[in-house]
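As C-alpha cells, the structure follows; a few thoughts come after it.
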Amino acid sequence: MTEETPGFNENEKPEGPSEPTAPDDAAKAAGSADQAGPAGPAPTGEELVEVGLQAQLDQAQAALGERTADLQRLQAEYQNYRRRVERDRAAVKEVAVANLLSELLPVLDDIGRARDHGELVGGFKSVAESLETVAAKMGLQQFGKEGEPFDPLVHEALMHSYAPDVTETTCVQILQPGYRIGERTIRPARVAVAEPQPGAQPKAEDESSDEESGGPDEG
C-alpha cells in the first residue's frame with residue numbers, strides 16, 4: 001500500500017494575497033469621500049459651554065421682555081384706576097358740598113333781603129358776613145344781574161313784559177339770585193324779563209333814521 005504524498009489538489013487554488021481593487025471601485029470610493037467633505041474639528045469644551053451660556057442668556061432676555069411688558073401694562077391699568085378714583089372722589093365731594101349749600105340758600109336769601117332793607121347791622125351783620133365768606137370758600141358763587149340777556153339755562157322767568165328800550169329778551173329785575181358751584185348750577189336766577197315791543201323799531205335804527213333826515217323837525 002503506497003502512501004499518498006500530500007500535495008495540492010488540482011481543484012484547489014493556493015491561498016495568496018487578495019486581488020487588487022479595480023480602478024473604478026477606487027474612483028467611486030474617492031468620489032464618496034469628496035462628497036462627504038473633510039470632517040471639521042470637534043468643538044472643544046469651552047465652545048460648548050459658551051453656546052450653552054448664550055442659549056441661557058437668550059432665554060433670560062426673552063423672559064425679561066415679557067415681564068417688562070406685563071409690568072408696563074399693570075402700571076397703565078393702575079394709572080387709569082387712580083384717575084378714575086380721583087375723578088369719582090371729586091364728583092362725590094362736589095355733590096356733597098352742593099347738597100349742603102343748597103340747604104343754606106334760604107338763609108342766604110334772608111341775609112340778602114335784610115341787607116336790601118338796611119337791617120343787616122350789629123352782631124347779625126358779622127354772623128351773616130362770616131357765613132357768606134365760608135360759603136364762598138366752599139365754591140359757592142352768586143349770579144344774576146339786571147340788564148343781562150335772558151338765558152333759559154341759568155335764568156328762570158317769573159314775570160314777563162314788553163319794553164321799547166330793549167333789543168332782545170332781557171332780565172330787567174332779579175327776584176332771587178342764582179347760585180352755582182363751578183359749572184354746576186345749584187339754583188337758577190329767578191328774574192323778570194322784558195321783550196322788545198312788538199312792531200317797534202330798534203333804537204339804533206331810529207337814531208340812524210333821524211341822522212339821515214337831518215334830525216327831528218324844529219318848531
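Ligands are numbered from 1 in the order shown, chains are lettered A, B, ... in the order of the C-alpha cells, and residues start at 1 in each chain.
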
Per residue of stretch 107-153 of chain A within 7 Å of stretch 166-175 of chain A, which atom pair is closest and at what distance in Å (one decimal), using only C-alpha atoms, listed by chain and increasing number, as a Markdown table?
| residue | atom | partner | partner_atom | distance |
| --- | --- | --- | --- | --- |
| A:Gly144 | CA | A:Ile174 | CA | 6.7 |
| A:Lys145 | CA | A:Ile174 | CA | 6.5 |
| A:Glu146 | CA | A:Val172 | CA | 5.1 |
| A:Gly147 | CA | A:Cys171 | CA | 5.4 |
| A:Glu148 | CA | A:Cys171 | CA | 5.7 |
| A:Pro149 | CA | A:Thr170 | CA | 4.5 |
| A:Phe150 | CA | A:Thr170 | CA | 5.1 |

Write the residues of the selection above to a file with C-alpha atoms, as a tab-separated table (two decimals), in the first residue's frame.
chain	number	residue	atom	x	y	z
A	144	GLY	CA	-77.80	137.20	38.09
A	145	LYS	CA	-77.72	140.90	37.27
A	146	GLU	CA	-80.23	143.31	35.83
A	147	GLY	CA	-79.71	144.14	32.18
A	148	GLU	CA	-78.06	140.87	31.16
A	149	PRO	CA	-79.59	138.80	28.33
A	150	PHE	CA	-82.01	136.12	29.38

Expressed in Å, the length from atom CA of A:Ser161 to atom CA of A:Asp110 is 27.1 Å

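Around A:Pro177, within 10 Å and counting only C-alpha atoms, the residues found are Leu105, Leu108, Asp109, Gly112, Gln142, Phe143, Gly144, Lys145, His155, Ile174, Leu175, Tyr179, Arg187, Pro188, Ala189, Arg190 and Val191 of chain A, once anything fewer than 2 positions away on its own chain is removed.
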
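Neighbouring residues of A:Glu129 at 12 Å or closer, counting only C-alpha atoms and skipping chain neighbours under 5 positions away, are Val107, Leu108, Ile111, Gly112, Arg115, Leu120, Val121, Gly122, Gly123, Phe124, Val134, Ala135 and Ala136 of chain A.
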
Pick from A:Arg180, A:Leu140, A:Ile186, A:Glu195: nearest to A:Ala163, with only C-alpha atoms counted? A:Glu195

Residues near A:Pro164, cut-off 7 Å, only C-alpha atoms, skip fewer than 2 positions along chain, as a list in words: Tyr162, Val166, Pro196, Gln197 and Ala200 of chain A

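Using only C-alpha atoms, the smallest distance between any of A:Pro106, A:Ile181, A:Tyr78, A:Ala69 and A:Lys93 comes from A:Ile181.
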